[in-house]
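Note: the block below is target17.csv and it holds CSV, C-alpha atoms.
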chain,number,residue,atom,x,y,z
A,1,MET,CA,-53.2,83.7,-36.9
A,2,ARG,CA,-50.9,80.9,-35.8
A,3,ILE,CA,-51.5,79.8,-32.2
A,4,ALA,CA,-49.0,77.6,-30.4
A,5,HIS,CA,-50.1,75.6,-27.3
A,6,LEU,CA,-47.5,74.5,-24.8
A,7,LEU,CA,-48.4,71.7,-22.4
A,8,ALA,CA,-46.9,69.0,-20.2
A,9,SER,CA,-49.2,66.1,-20.8
A,10,PRO,CA,-48.5,62.8,-19.0
A,11,PHE,CA,-52.1,61.9,-19.8
A,12,VAL,CA,-55.0,63.2,-21.8
A,13,GLY,CA,-57.1,65.2,-19.3
A,14,GLY,CA,-59.3,68.2,-19.1
A,15,PRO,CA,-56.8,70.8,-20.2
A,16,GLU,CA,-55.8,68.7,-23.2
A,17,HIS,CA,-59.4,68.2,-24.2
A,18,GLN,CA,-60.0,72.0,-23.9
A,19,VAL,CA,-57.1,73.2,-26.1
A,20,LEU,CA,-57.9,70.5,-28.7
A,21,GLY,CA,-61.5,71.5,-28.7
A,22,LEU,CA,-60.5,75.2,-29.1
A,23,ALA,CA,-58.2,74.4,-32.0
A,24,SER,CA,-60.9,72.5,-33.7
A,25,ALA,CA,-63.4,75.3,-33.3
A,26,LEU,CA,-60.8,77.8,-34.7
A,27,ARG,CA,-59.7,75.6,-37.5
A,28,GLU,CA,-61.4,77.6,-40.3
A,29,THR,CA,-59.8,80.9,-39.3
A,30,ASP,CA,-56.6,80.1,-37.4
A,31,GLU,CA,-53.8,77.5,-37.5
A,32,SER,CA,-52.9,75.7,-34.2
A,33,ILE,CA,-49.8,73.6,-33.3
A,34,PHE,CA,-49.1,71.8,-30.1
A,35,LEU,CA,-45.8,71.5,-28.2
A,36,THR,CA,-45.5,69.2,-25.2
A,37,PHE,CA,-42.7,68.1,-23.0
A,38,ALA,CA,-42.0,64.4,-23.4
A,39,GLU,CA,-42.7,63.5,-19.7
A,40,GLY,CA,-40.7,60.3,-20.1
A,41,GLY,CA,-42.7,59.1,-23.0
A,42,ARG,CA,-46.1,59.6,-21.3
A,43,ALA,CA,-47.0,62.5,-23.6
A,44,GLN,CA,-47.4,60.1,-26.6
A,45,PRO,CA,-51.1,59.5,-26.2
A,46,PHE,CA,-51.7,63.2,-26.3
A,47,LEU,CA,-49.5,63.6,-29.3
A,48,ASP,CA,-51.4,60.8,-31.0
A,49,ARG,CA,-54.7,62.5,-30.3
A,50,VAL,CA,-53.3,65.8,-31.6
A,51,ARG,CA,-52.1,64.3,-34.9
A,52,SER,CA,-55.2,62.2,-35.4
A,53,ALA,CA,-57.2,65.4,-35.1
A,54,GLY,CA,-55.1,66.8,-38.0
A,55,PHE,CA,-52.8,69.2,-36.1
A,56,LYS,CA,-49.1,69.3,-35.8
A,57,GLY,CA,-47.7,67.9,-32.6
A,58,VAL,CA,-44.1,68.4,-31.4
A,59,GLU,CA,-42.5,66.4,-28.6
A,60,LEU,CA,-39.9,68.6,-27.0
A,61,ARG,CA,-36.5,67.0,-26.1
A,62,GLU,CA,-35.5,69.3,-23.3
A,63,ASN,CA,-37.3,69.5,-19.9
A,64,TRP,CA,-37.1,70.8,-16.4
A,65,PRO,CA,-34.8,71.3,-14.6
A,66,HIS,CA,-32.8,72.4,-17.7
A,67,TYR,CA,-34.7,75.7,-17.8
A,68,PHE,CA,-32.5,77.6,-20.2
A,69,ARG,CA,-32.2,74.7,-22.7
A,70,ALA,CA,-35.9,74.1,-22.6
A,71,THR,CA,-36.7,77.7,-23.0
A,72,LYS,CA,-34.4,78.0,-26.1
A,73,GLU,CA,-36.0,74.9,-27.6
A,74,VAL,CA,-39.5,76.2,-27.2
A,75,ALA,CA,-38.4,79.6,-28.6
A,76,ASN,CA,-36.9,77.9,-31.7
A,77,GLU,CA,-40.1,75.9,-32.2
A,78,LEU,CA,-42.2,79.1,-32.0
A,79,ILE,CA,-39.9,80.7,-34.7
A,80,ARG,CA,-40.1,77.6,-36.8
A,81,ALA,CA,-43.9,77.6,-36.7
A,82,GLN,CA,-44.1,81.3,-37.2
A,83,ALA,CA,-46.4,81.5,-34.2
A,84,THR,CA,-48.2,84.7,-33.5
A,85,ILE,CA,-49.6,83.8,-30.0
A,86,LEU,CA,-48.4,81.3,-27.3
A,87,CYS,CA,-51.0,79.7,-25.0
A,88,THR,CA,-49.6,77.8,-22.0
A,89,SER,CA,-51.4,75.3,-19.7
A,90,GLY,CA,-49.9,74.3,-16.5
A,91,TYR,CA,-47.1,75.6,-14.2
A,92,LYS,CA,-44.2,74.2,-16.1
A,93,PRO,CA,-45.4,75.4,-19.5
A,94,ASP,CA,-46.2,78.8,-17.9
A,95,ILE,CA,-42.7,79.2,-16.4
A,96,ILE,CA,-40.8,78.1,-19.5
A,97,GLY,CA,-43.3,79.4,-22.1
A,98,LEU,CA,-43.4,83.0,-20.8
A,99,ARG,CA,-39.7,83.4,-21.3
A,100,ALA,CA,-39.7,81.8,-24.7
A,101,ALA,CA,-42.5,84.0,-25.9
A,102,ARG,CA,-40.5,87.1,-24.7
A,103,LEU,CA,-37.4,85.9,-26.6
A,104,VAL,CA,-39.5,85.5,-29.8
A,105,GLY,CA,-41.5,88.7,-29.2
A,106,ILE,CA,-45.0,87.3,-29.4
A,107,PRO,CA,-47.9,87.7,-26.9
A,108,SER,CA,-48.4,85.1,-24.2
A,109,VAL,CA,-51.6,83.8,-22.7
A,110,ALA,CA,-51.7,81.6,-19.6
A,111,ILE,CA,-54.8,79.4,-19.3
A,112,ALA,CA,-55.5,78.9,-15.6
A,113,HIS,CA,-57.3,75.5,-15.5
A,114,GLY,CA,-56.9,75.3,-11.7
A,115,TRP,CA,-54.3,74.5,-9.0
A,116,THR,CA,-54.4,71.1,-7.3
A,117,GLY,CA,-51.9,71.3,-4.5
A,118,ALA,CA,-51.5,67.6,-4.8
A,119,THR,CA,-48.0,67.3,-3.3
A,120,TRP,CA,-45.6,69.7,-1.5
A,121,LYS,CA,-43.6,69.9,-4.8
A,122,VAL,CA,-46.7,70.8,-6.8
A,123,ARG,CA,-47.7,73.4,-4.2
A,124,LEU,CA,-44.3,75.0,-4.4
A,125,PHE,CA,-44.4,75.2,-8.2
A,126,GLU,CA,-48.0,76.4,-8.2
A,127,SER,CA,-47.0,79.1,-5.8
A,128,PHE,CA,-44.3,80.3,-8.1
A,129,ASP,CA,-46.7,80.0,-11.1
A,130,ARG,CA,-49.1,82.4,-9.4
A,131,TRP,CA,-46.3,85.0,-9.2
A,132,ASN,CA,-45.1,84.2,-12.7
A,133,MET,CA,-48.6,84.7,-14.2
A,134,ARG,CA,-48.4,88.4,-13.3
A,135,ASN,CA,-46.0,88.9,-16.3
A,136,PHE,CA,-48.3,87.3,-19.0
A,137,ASP,CA,-50.0,89.5,-21.5
A,138,ALA,CA,-53.3,87.9,-20.5
A,139,VAL,CA,-54.4,85.2,-18.1
A,140,VAL,CA,-57.6,83.2,-18.8
A,141,GLY,CA,-59.6,81.8,-15.9
A,142,VAL,CA,-61.7,78.8,-16.9
A,143,SER,CA,-64.4,79.9,-14.5
A,144,HIS,CA,-65.3,83.1,-12.6
A,145,ALA,CA,-64.2,81.3,-9.4
A,146,GLN,CA,-60.8,80.7,-10.9
A,147,SER,CA,-60.6,84.3,-12.1
A,148,ARG,CA,-61.2,85.4,-8.5
A,149,LYS,CA,-58.3,83.2,-7.4
A,150,LEU,CA,-56.1,84.9,-10.0
A,151,ALA,CA,-57.0,88.3,-8.7
A,152,LEU,CA,-56.2,87.2,-5.2
A,153,ALA,CA,-52.8,86.0,-6.5
A,154,GLY,CA,-51.9,89.6,-7.4
A,155,ILE,CA,-52.5,89.3,-11.1
A,156,SER,CA,-53.7,92.7,-12.5
A,157,GLN,CA,-57.4,92.7,-13.1
A,158,ASP,CA,-57.0,94.1,-16.6
A,159,LYS,CA,-55.0,91.0,-17.6
A,160,ILE,CA,-57.7,88.6,-16.3
A,161,LEU,CA,-60.4,87.3,-18.6
A,162,THR,CA,-62.9,84.6,-17.8
A,163,ILE,CA,-63.6,82.2,-20.7
A,164,PRO,CA,-65.4,79.1,-19.3
A,165,ASN,CA,-64.4,75.6,-20.4
A,166,ALA,CA,-66.7,74.3,-23.1
A,167,ILE,CA,-67.5,71.1,-25.1
A,168,ALA,CA,-68.4,70.4,-28.7
A,169,LEU,CA,-72.2,69.8,-28.9
A,170,ASP,CA,-71.8,66.8,-31.3
A,171,ARG,CA,-69.9,64.7,-28.7
A,172,PHE,CA,-72.9,62.5,-27.8
A,173,THR,CA,-75.3,63.0,-30.8
A,174,GLU,CA,-74.7,59.4,-32.0
A,175,PRO,CA,-75.2,57.0,-29.1
A,176,VAL,CA,-72.9,54.0,-29.1
A,177,ALA,CA,-74.7,50.7,-28.8
A,178,GLY,CA,-73.6,48.5,-25.9
A,179,GLY,CA,-72.5,51.2,-23.5
A,180,ARG,CA,-74.6,49.9,-20.7
A,181,LYS,CA,-73.4,46.4,-21.4
A,182,ILE,CA,-69.8,47.5,-21.1
A,183,LEU,CA,-70.5,49.2,-17.8
A,184,ALA,CA,-72.4,46.3,-16.4
A,185,SER,CA,-69.6,43.9,-17.4
A,186,LEU,CA,-67.3,45.6,-14.9
A,187,PHE,CA,-69.3,44.1,-12.0
A,188,SER,CA,-69.5,40.4,-10.9
A,189,THR,CA,-73.3,40.9,-10.5
A,190,GLU,CA,-75.1,43.4,-12.8
A,191,PRO,CA,-76.4,46.3,-10.7
A,192,GLN,CA,-79.7,48.0,-11.4
A,193,PHE,CA,-78.2,51.4,-11.0
A,194,ILE,CA,-74.6,52.5,-11.8
A,195,ILE,CA,-73.0,55.6,-10.2
A,196,ALA,CA,-69.9,56.7,-12.0
A,197,ALA,CA,-67.0,59.1,-11.5
A,198,ALA,CA,-63.9,59.9,-13.5
A,199,GLY,CA,-60.6,61.7,-12.9
A,200,ARG,CA,-57.0,61.3,-11.8
A,201,LEU,CA,-56.7,59.3,-8.6
A,202,SER,CA,-55.2,62.0,-6.6
A,203,PRO,CA,-56.0,63.7,-3.2
A,204,GLU,CA,-57.8,66.8,-4.5
A,205,LYS,CA,-60.5,64.6,-6.3
A,206,GLY,CA,-61.9,63.4,-3.0
A,207,PHE,CA,-62.6,59.8,-4.2
A,208,ASP,CA,-62.2,58.6,-0.6
A,209,VAL,CA,-65.3,60.6,0.2
A,210,PHE,CA,-67.1,59.0,-2.7
A,211,ILE,CA,-66.1,55.5,-1.5
A,212,ALA,CA,-67.3,56.3,2.0
A,213,ALA,CA,-70.6,57.6,0.6
A,214,ALA,CA,-71.0,54.4,-1.4
A,215,ALA,CA,-70.5,52.4,1.8
A,216,ARG,CA,-73.3,54.3,3.5
A,217,ILE,CA,-75.6,53.6,0.5
A,218,ALA,CA,-74.6,49.9,0.4
A,219,GLN,CA,-75.9,49.4,3.9
A,220,GLU,CA,-79.4,50.0,2.6
A,221,ARG,CA,-79.3,49.1,-1.1
A,222,GLN,CA,-77.9,46.0,-2.8
A,223,ASP,CA,-78.8,47.0,-6.3
A,224,ILE,CA,-76.3,49.9,-6.8
A,225,GLY,CA,-72.8,49.7,-8.3
A,226,PHE,CA,-70.1,52.3,-8.2
A,227,VAL,CA,-67.2,52.8,-10.6
A,228,ILE,CA,-64.3,55.3,-11.0
A,229,PHE,CA,-62.6,55.7,-14.4
A,230,GLY,CA,-59.0,57.0,-14.3
A,231,ASP,CA,-55.7,56.2,-12.8
A,232,GLY,CA,-53.2,57.9,-10.5
A,233,PRO,CA,-51.0,57.7,-7.4
A,234,LEU,CA,-53.8,56.8,-5.0
A,235,ARG,CA,-55.0,53.7,-6.8
A,236,ARG,CA,-53.6,51.3,-4.3
A,237,GLU,CA,-54.8,53.3,-1.3
A,238,LEU,CA,-58.3,53.6,-2.7
A,239,ALA,CA,-58.4,49.9,-3.5
A,240,LYS,CA,-57.5,49.2,0.1
A,241,LEU,CA,-60.3,51.5,1.3
A,242,ILE,CA,-62.8,49.7,-1.0
A,243,SER,CA,-61.8,46.4,0.6
A,244,LYS,CA,-62.0,47.9,4.1
A,245,LYS,CA,-65.5,49.1,3.4
A,246,SER,CA,-66.5,45.6,2.1
A,247,LEU,CA,-67.3,47.0,-1.3
A,248,ASP,CA,-65.1,44.7,-3.4
A,249,ASP,CA,-68.1,43.4,-5.4
A,250,ARG,CA,-69.8,46.7,-5.6
A,251,PHE,CA,-67.1,49.3,-6.3
A,252,VAL,CA,-64.8,49.1,-9.3
A,253,LEU,CA,-61.6,51.1,-10.1
A,254,ALA,CA,-61.8,50.7,-13.8
A,255,GLY,CA,-58.6,52.5,-14.8
A,256,PHE,CA,-58.3,54.7,-17.8
A,257,GLN,CA,-60.9,54.0,-20.5
A,258,ALA,CA,-60.2,55.2,-24.1
A,259,ASN,CA,-63.9,54.6,-24.9
A,260,LEU,CA,-65.4,56.7,-22.1
A,261,ASP,CA,-67.6,58.6,-24.6
A,262,ALA,CA,-69.4,55.3,-25.2
A,263,ILE,CA,-69.7,54.4,-21.6
A,264,LEU,CA,-70.5,57.7,-19.9
A,265,PRO,CA,-74.1,58.2,-21.3
A,266,ALA,CA,-75.0,54.7,-20.0
A,267,ALA,CA,-74.4,55.7,-16.3
A,268,ASP,CA,-77.4,56.6,-14.1
A,269,VAL,CA,-75.7,59.3,-12.0
A,270,PHE,CA,-72.3,61.0,-12.2
A,271,VAL,CA,-70.4,62.1,-9.1
A,272,ILE,CA,-67.7,64.8,-8.7
A,273,SER,CA,-66.4,64.7,-5.1
A,274,SER,CA,-63.5,67.1,-5.5
A,275,PHE,CA,-62.1,69.5,-2.9
A,276,THR,CA,-60.8,71.9,-5.5
A,277,GLU,CA,-61.6,72.5,-9.2
A,278,GLY,CA,-61.3,75.1,-11.9
A,279,LEU,CA,-64.2,74.0,-14.1
A,280,PRO,CA,-64.0,70.2,-14.6
A,281,VAL,CA,-64.5,69.2,-18.2
A,282,VAL,CA,-66.0,65.9,-17.1
A,283,LEU,CA,-68.9,67.9,-15.5
A,284,LEU,CA,-69.7,69.4,-18.9
A,285,GLU,CA,-69.4,66.0,-20.6
A,286,ALA,CA,-71.7,64.3,-18.1
A,287,LEU,CA,-74.4,67.0,-18.5
A,288,LEU,CA,-74.2,67.0,-22.2
A,289,ALA,CA,-74.5,63.2,-22.2
A,290,GLY,CA,-77.7,63.5,-20.2
A,291,VAL,CA,-76.3,62.0,-16.9
A,292,PRO,CA,-77.5,63.8,-13.8
A,293,VAL,CA,-74.6,65.1,-11.6
A,294,VAL,CA,-74.1,65.2,-7.9
A,295,ALA,CA,-71.0,67.5,-7.3
A,296,THR,CA,-69.2,69.4,-4.6
A,297,ALA,CA,-69.8,73.1,-4.6
A,298,VAL,CA,-66.2,74.1,-5.4
A,299,GLY,CA,-64.5,76.2,-8.0
A,300,GLY,CA,-66.7,76.8,-11.1
A,301,ILE,CA,-69.1,73.9,-10.5
A,302,PRO,CA,-71.8,76.1,-8.8
A,303,GLU,CA,-71.6,78.4,-11.9
A,304,VAL,CA,-72.8,75.4,-14.0
A,305,ILE,CA,-75.1,73.4,-11.7
A,306,GLU,CA,-78.3,74.9,-10.6
A,307,ASP,CA,-79.0,72.9,-7.5
A,308,GLY,CA,-82.1,70.8,-7.8
A,309,THR,CA,-82.6,71.7,-11.5
A,310,ASP,CA,-79.8,70.1,-13.6
A,311,GLY,CA,-77.9,68.5,-10.7
A,312,PHE,CA,-77.2,68.6,-7.0
A,313,LEU,CA,-74.6,70.5,-5.1
A,314,VAL,CA,-73.1,69.2,-1.8
A,315,PRO,CA,-70.4,70.6,0.5
A,316,PRO,CA,-66.9,69.2,-0.1
A,317,GLY,CA,-65.9,66.3,2.2
A,318,HIS,CA,-69.5,65.8,3.3
A,319,ILE,CA,-70.1,62.0,3.1
A,320,GLU,CA,-73.7,62.0,4.4
A,321,GLN,CA,-74.9,64.7,2.0
A,322,LEU,CA,-73.2,63.1,-1.0
A,323,ALA,CA,-74.9,59.7,-0.1
A,324,LEU,CA,-78.3,61.4,0.4
A,325,ARG,CA,-78.3,63.2,-2.9
A,326,ILE,CA,-77.3,60.1,-4.8
A,327,MET,CA,-80.1,58.2,-3.2
A,328,GLU,CA,-82.5,61.0,-3.9
A,329,LEU,CA,-81.9,60.7,-7.6
A,330,VAL,CA,-81.9,56.9,-7.6
A,331,ASP,CA,-85.3,56.9,-5.8
A,332,ASN,CA,-86.9,59.6,-7.8
A,333,GLN,CA,-87.2,58.5,-11.5
A,334,SER,CA,-89.2,61.6,-12.4
A,335,LEU,CA,-86.5,64.0,-11.1
A,336,LEU,CA,-83.8,61.9,-12.8
A,337,GLU,CA,-85.6,62.2,-16.1
A,338,GLN,CA,-86.0,66.0,-15.7
A,339,MET,CA,-82.3,66.4,-15.1
A,340,LYS,CA,-81.4,64.3,-18.1
A,341,ILE,CA,-83.2,66.9,-20.2
A,342,ALA,CA,-82.0,70.0,-18.3
A,343,GLY,CA,-78.3,69.1,-18.5
A,344,PRO,CA,-77.8,69.1,-22.3
A,345,ARG,CA,-79.9,72.3,-22.6
A,346,LYS,CA,-77.6,74.1,-20.2
A,347,ILE,CA,-74.5,73.1,-22.0
A,348,ALA,CA,-75.9,73.9,-25.5
A,349,ALA,CA,-76.8,77.4,-24.3
A,350,GLN,CA,-73.8,78.4,-22.3
A,351,TYR,CA,-70.8,76.0,-22.6
A,352,ASN,CA,-70.4,75.1,-26.2
A,353,THR,CA,-67.1,75.4,-28.0
A,354,ARG,CA,-68.4,78.0,-30.5
A,355,LEU,CA,-69.0,80.5,-27.8
A,356,GLN,CA,-65.6,79.7,-26.3
A,357,ALA,CA,-63.8,80.1,-29.6
A,358,ASP,CA,-65.4,83.4,-30.3
A,359,ARG,CA,-64.1,84.7,-26.9
A,360,TYR,CA,-60.6,83.5,-27.5
A,361,SER,CA,-60.6,84.9,-31.0
A,362,THR,CA,-61.5,88.3,-29.6
A,363,LEU,CA,-58.6,88.0,-27.1
A,364,PHE,CA,-56.1,86.9,-29.6
A,365,ALA,CA,-57.0,89.7,-32.0
A,366,ARG,CA,-56.6,92.3,-29.3
A,367,LEU,CA,-53.2,91.0,-28.2
A,368,SER,CA,-52.0,90.6,-31.7
A,369,SER,CA,-53.0,94.2,-32.5
A,370,ALA,CA,-51.4,95.5,-29.4
A,371,ASN,CA,-48.2,93.6,-30.1
A,372,SER,CA,-48.1,95.0,-33.7
A,373,CYS,CA,-48.3,98.5,-32.3
A,374,ARG,CA,-45.4,97.8,-29.9
A,375,VAL,CA,-43.3,96.4,-32.7
A,376,ASP,CA,-44.1,99.4,-35.0

Rewrite the structure of this file - the entire thing - as C-alpha cells.
Amino acid sequence: MRIAHLLASPFVGGPEHQVLGLASALRETDESIFLTFAEGGRAQPFLDRVRSAGFKGVELRENWPHYFRATKEVANELIRAQATILCTSGYKPDIIGLRAARLVGIPSVAIAHGWTGATWKVRLFESFDRWNMRNFDAVVGVSHAQSRKLALAGISQDKILTIPNAIALDRFTEPVAGGRKILASLFSTEPQFIIAAAGRLSPEKGFDVFIAAAARIAQERQDIGFVIFGDGPLRRELAKLISKKSLDDRFVLAGFQANLDAILPAADVFVISSFTEGLPVVLLEALLAGVPVVATAVGGIPEVIEDGTDGFLVPPGHIEQLALRIMELVDNQSLLEQMKIAGPRKIAAQYNTRLQADRYSTLFARLSSANSCRVD
C-alpha cells in the first residue's frame, strides 16, 4: 500500500513526529511519502527529517489562498506517487487534501491532532475544518477526548476511530552523556532541580501559568531552575513576564533545541500547562524518558496519566495547584523515583508505535477494500 501524508509544517512538532513514526513502523509492509506546503521555506527542517529517515519528501509550490491550483498540484503528486491512501494533518491539508483525494479517487483519512484556537483566523479555519471533516472516509482522533470532540462537531460516529498517539520505544534506550551538563549550562548558577517544559510559545500552551507557578515556588526555594524549549509568537511577551516576576536568573526560554532527546531525560520534572490538547507527544516522550510529569487535565492527558501513580494532574489555569504538585515531587524523592519507573512501563504497554501501526494498518486495509468495491 502507498500512503501519502499531506501536512503544513512550519516546524517539526507533534503531528510531524507522529506521521514519521507511523511511516517508520509501517516501512516493512507499506510505502509512505510526504507532501508539505512550503510555508515560506519554513517546511525545510521537516523535509530534511523526512529524507534523512529514508522517505520521499515533496515540497509543494502552490499554497493557500490559491485553492484550486494547490488542489490540482496535490492531486498530480498523488497520481505520480500512485498513492492508495491520503492522510492529512491540519486544517489546510484537510481542506485541500480532501478535494485532491476525491479527484484522484482514493480514500482520505483526516488525523485530528487537536484544535488550538490560537488566533481568530485559526479559529475560523478550524471551524470550517470541523465541517469539512464530515466528508472524509475516516477521521482519526488521537485520543478518546479528541474523538468526542469530533462527534460533537457532527462527524458521523461510524467514520470516527480513536488511535492514540504513540512513540517508538527505542527513543531513549541509549542515554546521551552530558545531558544534565547541557541543561545546567543554560543557567547562570547551576540549580539543584530543573523543571522543564517544551512546546510552541502560543496562548493555548499556558506557559504564562507555568511562569506564575515558578514565581510562587521561587519565593520559597532558591535551588530550582525552570526552562521552556520551543519558540513562537509569545516569546517576547513571556520574556517580559519572566522579568516582571524577577525570574531572569531562574527561568530560561531556551528556544528550539534539535538535541532535545539528549536533554529531556536529564530534567527532574516535566510540566504541561496547556489549556487544550489532543494528546501531546511530548507527554509520551517525557514519560518514556523516565521524567515525572505534572500536567493539566485537558484533552487526552488524563487518559495517559494516572494521578499520583505516573504523574500528577492539575486543573488548567490553576497556578497554586501547579506549584504545589511540582514542589511535592521535588520534596519527595521516593515518589519521584517511583514515577520514573511507572512512566516508561505505561508507554511500553499502551502507547508504542507498533500498536499504533497495527491499528492504522487495519483502517487502511478496510478503506482500500471498500474503495476497490466502489471502483468495481

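Atom pair CA of Ile194 in chain A / CA of Gly225 in chain A has a distance of 4.8 Å (rounded to one decimal).
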
One decimal, Å: what's the distance from CA of Thr162 in chain A over to CA of Leu86 in chain A, could you say?
17.6 Å

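Of the residues listed (A:Thr88, A:Thr173, A:Thr29, A:Thr36), A:Thr173 shows the shortest atom-to-atom separation from Leu288 in chain A; distances use only C-alpha atoms.
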
Separation of CA of Gly114 in chain A from CA of Pro302 in chain A in Å
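Distance reported for this atom pair: 15.2 Å.
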
From A:Leu47, A:Ile85, A:Leu35, A:Ala297, residue lying nearest Glu73 in chain A [only C-alpha atoms]
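So, comparing all the options, the nearest one is A:Leu35.
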